[in-house]
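Below is one structure, written out as structure tokens; comments come after it.
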Amino acid sequence: MQFKERANLSCRIHESLLQECPGHYLLEVMPTESGSCSAARQAKQKRKSHSLSIRRTNSSEQERTGLPREMLEGQDSKLPSSVRSTLLELFGQIEREFENLYIENLELRREIDTLNERLAAEGQGIDGAELSKGQLKTKASHSTSQLSQKLKTTYKASTSKIVSSFKTTTSRAICQLVKEYIGHRDGIWDVSVARTQPVVLGTASADHTALLWSIETGKCLVKYSGHVGSVNSIKFHPSEQLALTASGDQTAHIWRYMVQLPVPQPIADTSQQISGEDEVEFSDKDEPDGDGDVSSDCPTIRVPLTSLKSHQGVVIAADWLVGGKQAVTASWDRTANLYDVETSELVHSLTGHDQELTHCCTHPNQRLVVTSSRDTTFRLWDFRDPSIHSVNVFQGHTDTVTSAVFTVGDNVVSGSDDRTVKVWDLKNMRSPIATIRTDSAINRINVCVGQKIIALPHDNRQVRLFDMSGVRLARLPRSNRQHSSI
């Protein structure tokens, strides 16, 4: 009977606490024995922390005031002394817990202030005055995460883009818009510079034409219109005034050009130099009238000297082998063909890629050819031995290899849609010697061997320059004009 009365008393205490302390810590007081069981109860309390279960509820800081100890001690309570003693002890624990939370939140405020100081340079901060104590932990965690992310971003920007044994350098290139070459009616797929005098610039376009330009004046010198499909690439002969173009009409054309360079007119340099890491969007206010066909005034070549026909799909790229007596083409029919230039005969059909080819490139000094493909690989073909040719497969990319080009020495640089550029040693095919990680897919890579600079055009309209060690030098200024220009 006594046990039942104490159980009912526990329920009434519970209900009273709910009414007096809404939103606070709720106490479930378990019935206890009295008299001779007091010692046993105390031992049990030490083992089970008074057999209490404390549950927290969501409440604001203003509601968490607790029930003062003096109020309980001063009241004429009908509670048994053992229950009152237990309650006082429990509320003392609650008070100490609030005290610990208060101290912890003060420490968190100091940490937030420190984080704000470190984030102030980035133009971001957290207003501690707007934070309630219930939000401090969340905000502090967010600030720590934010700072950690910024540190990771800064670290990646300086190191992870080049995961290699590259040497560091502090040099920075200065980029300046010098000339625009306006005349194509559609996108430009390839740009090349003649290797013999007179030095001219060649462009291949989706408008079915290839144009030759005066580099100094920007004037169109020759227009080639012999293709009936998009002109996908253009390469100049190593010693003669011959151009090799590949087209979507499944052919590659060799055509001869004769040009005389105009005398450049002196122009005052009023443009502002741009540092390597800056980007400028040029306005359209001073844009010349692009409606007129600039290329219509230059001489037009309509018939090729030689037409190379063996592919069953788009010819995406073509290049001259060293010496200029042979040419290689790459096609969407998954093959690359080696031709004799003088007879136009097919010498070798290079098969092995599992998907469409995207590019081909030849070594400047040796009879080596590299072909890239959508099958995530590129292949090195060796024709130095006339009696037999060998092939090596380079694996390492996870998406389409958009191009692979030779650099100085025995190195090849490959770019991919997986947003990486890899440097390979021809003597070790197993893994790249360096990897450059970028934020966008890579299009056709170009290399300036003389200046030892690699140009990386991206899908996001950015063009970044790296040196041969993989150190970023500059980002070219970008124009927002819509006409086809270089």
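Numbering starts fresh at 1 for the residues of each chain in the structure tokens, the chains themselves are lettered A, B, ... in the order given, and ligands are numbered from 1 as they appear.
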
- request: Excluding Asp459 in chain A and residues on its chain fewer than 3 positions from it, collect all residues at most 8 Å away from it, counting only C-alpha atoms, and give them as number ranges by chain.
  value: A: 440-443, 462

- prompt: Got a sec: who's within 9 Å of Asp354 in chain A, counting only C-alpha atoms, leaving out chain neighbours fewer than 3 positions off, as a ChimeraX atom specification?
  reply: /A:334,351,357,373-375

- prompt: range 376-379 of chain A: which residues within 10 Å, counting only C-alpha atoms, same-chain residues fewer than 4 positions away excluded, as a PyMOL selection string?
  reply: chain A and resi 352-355+357-360+369-372+391-404+414+416-418

- request: Determine, counting only C-alpha atoms, which protein, DNA and RNA residues have an atom within 8 Å of an atom of Ser349 in chain A; residues of the same chain fewer than 5 positions away are not included. Present the result as a ChimeraX atom specification.
  value: /A:335-338

query: In Å to one decimal, how far is CA of Val259 in chain A from CA of Ser214 in chain A?
result: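 About the pair CA of Ser214 in chain A and CA of Val259 in chain A: they are 9.4 Å apart.
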
message: Report, in Å to a single decimal, how far apart CA of Gln197 in chain A and CA of Arg185 in chain A are.
response: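 The value is 27.9 Å.
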
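Within range 202-232 of chain A, DSSP run on the backbone puts these residues in strand (DSSP E or B): Gly202, Thr203, Ala204, Ser205, Ala210, Leu211, Leu212, Trp213, Cys220, Leu221, Val222, Lys223, Tyr224, Val231 and Asn232 of chain A.
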
Put those residues in a file: N, CA, C and O atoms, as an mmCIF file, in the first residue's frame.
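So the final result, stored in again20.cif, reads:
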```
data_model
loop_
_atom_site.group_PDB
_atom_site.id
_atom_site.type_symbol
_atom_site.label_atom_id
_atom_site.label_comp_id
_atom_site.auth_asym_id
_atom_site.auth_seq_id
_atom_site.Cartn_x
_atom_site.Cartn_y
_atom_site.Cartn_z
ATOM 1 N N GLY A 202 46.745 30.393 -90.612
ATOM 2 C CA GLY A 202 45.684 29.643 -91.277
ATOM 3 C C GLY A 202 44.587 29.269 -90.314
ATOM 4 O O GLY A 202 44.839 28.918 -89.155
ATOM 5 N N THR A 203 43.345 29.346 -90.760
ATOM 6 C CA THR A 203 42.189 28.995 -89.943
ATOM 7 C C THR A 203 41.278 28.037 -90.705
ATOM 8 O O THR A 203 41.084 28.183 -91.914
ATOM 9 N N ALA A 204 40.714 27.072 -89.995
ATOM 10 C CA ALA A 204 39.768 26.113 -90.563
ATOM 11 C C ALA A 204 38.422 26.330 -89.893
ATOM 12 O O ALA A 204 38.341 26.428 -88.667
ATOM 13 N N SER A 205 37.364 26.367 -90.690
ATOM 14 C CA SER A 205 36.068 26.762 -90.163
ATOM 15 C C SER A 205 34.958 25.822 -90.591
ATOM 16 O O SER A 205 35.047 25.119 -91.609
ATOM 17 N N ALA A 210 38.758 27.513 -95.603
ATOM 18 C CA ALA A 210 39.981 27.763 -94.845
ATOM 19 C C ALA A 210 40.535 29.088 -95.332
ATOM 20 O O ALA A 210 40.550 29.360 -96.547
ATOM 21 N N LEU A 211 40.978 29.925 -94.403
ATOM 22 C CA LEU A 211 41.482 31.250 -94.754
ATOM 23 C C LEU A 211 42.917 31.395 -94.291
ATOM 24 O O LEU A 211 43.311 30.889 -93.239
ATOM 25 N N LEU A 212 43.710 32.115 -95.094
ATOM 26 C CA LEU A 212 45.071 32.488 -94.727
ATOM 27 C C LEU A 212 45.095 33.988 -94.466
ATOM 28 O O LEU A 212 44.523 34.773 -95.234
ATOM 29 N N TRP A 213 45.801 34.379 -93.398
ATOM 30 C CA TRP A 213 45.774 35.761 -92.930
ATOM 31 C C TRP A 213 47.189 36.329 -92.796
ATOM 32 O O TRP A 213 48.139 35.597 -92.513
ATOM 33 N N CYS A 220 42.812 39.214 -94.842
ATOM 34 C CA CYS A 220 42.677 37.897 -95.451
ATOM 35 C C CYS A 220 43.470 37.859 -96.752
ATOM 36 O O CYS A 220 43.312 38.720 -97.632
ATOM 37 N N LEU A 221 44.335 36.854 -96.918
ATOM 38 C CA LEU A 221 45.205 36.758 -98.085
ATOM 39 C C LEU A 221 44.709 35.736 -99.097
ATOM 40 O O LEU A 221 44.779 35.971 -100.299
ATOM 41 N N VAL A 222 44.233 34.592 -98.627
ATOM 42 C CA VAL A 222 43.782 33.513 -99.514
ATOM 43 C C VAL A 222 42.588 32.829 -98.865
ATOM 44 O O VAL A 222 42.554 32.631 -97.635
ATOM 45 N N LYS A 223 41.643 32.442 -99.708
ATOM 46 C CA LYS A 223 40.473 31.684 -99.263
ATOM 47 C C LYS A 223 40.432 30.368 -100.019
ATOM 48 O O LYS A 223 40.483 30.366 -101.255
ATOM 49 N N TYR A 224 40.362 29.258 -99.276
ATOM 50 C CA TYR A 224 40.231 27.951 -99.927
ATOM 51 C C TYR A 224 38.804 27.450 -99.717
ATOM 52 O O TYR A 224 38.335 27.337 -98.585
ATOM 53 N N VAL A 231 35.497 22.368 -92.561
ATOM 54 C CA VAL A 231 36.943 22.199 -92.560
ATOM 55 C C VAL A 231 37.371 22.099 -91.098
ATOM 56 O O VAL A 231 37.249 23.059 -90.334
ATOM 57 N N ASN A 232 37.877 20.936 -90.713
ATOM 58 C CA ASN A 232 38.119 20.646 -89.303
ATOM 59 C C ASN A 232 39.541 20.912 -88.843
ATOM 60 O O ASN A 232 39.764 21.081 -87.640
#
```

- request: Identify which of the residues A:Ile301, A:Ala327, A:Val200, A:Leu242 lies closest to Gln260 in chain A, counting only C-alpha atoms when measuring atom-to-atom distances.
  value: A:Val200

message: Counting only C-alpha atoms, which residue out of A:Ile254, A:Leu473, A:Ala194, A:Ile215 sits closest to Tyr181 in chain A?
response: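 Nearest to Tyr181 in chain A: A:Ile215.
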
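Rounded to one decimal, CA of Asp425 in chain A and CA of Asn411 in chain A lie 4.7 Å from each other.
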
field: Residue nearest Asn365 in chain A - candidates A:Arg118, A:His348, A:Arg475, A:Arg384, atoms counted: only C-alpha atoms
entry: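 The closest residue to Asn365 in chain A is A:Arg384.
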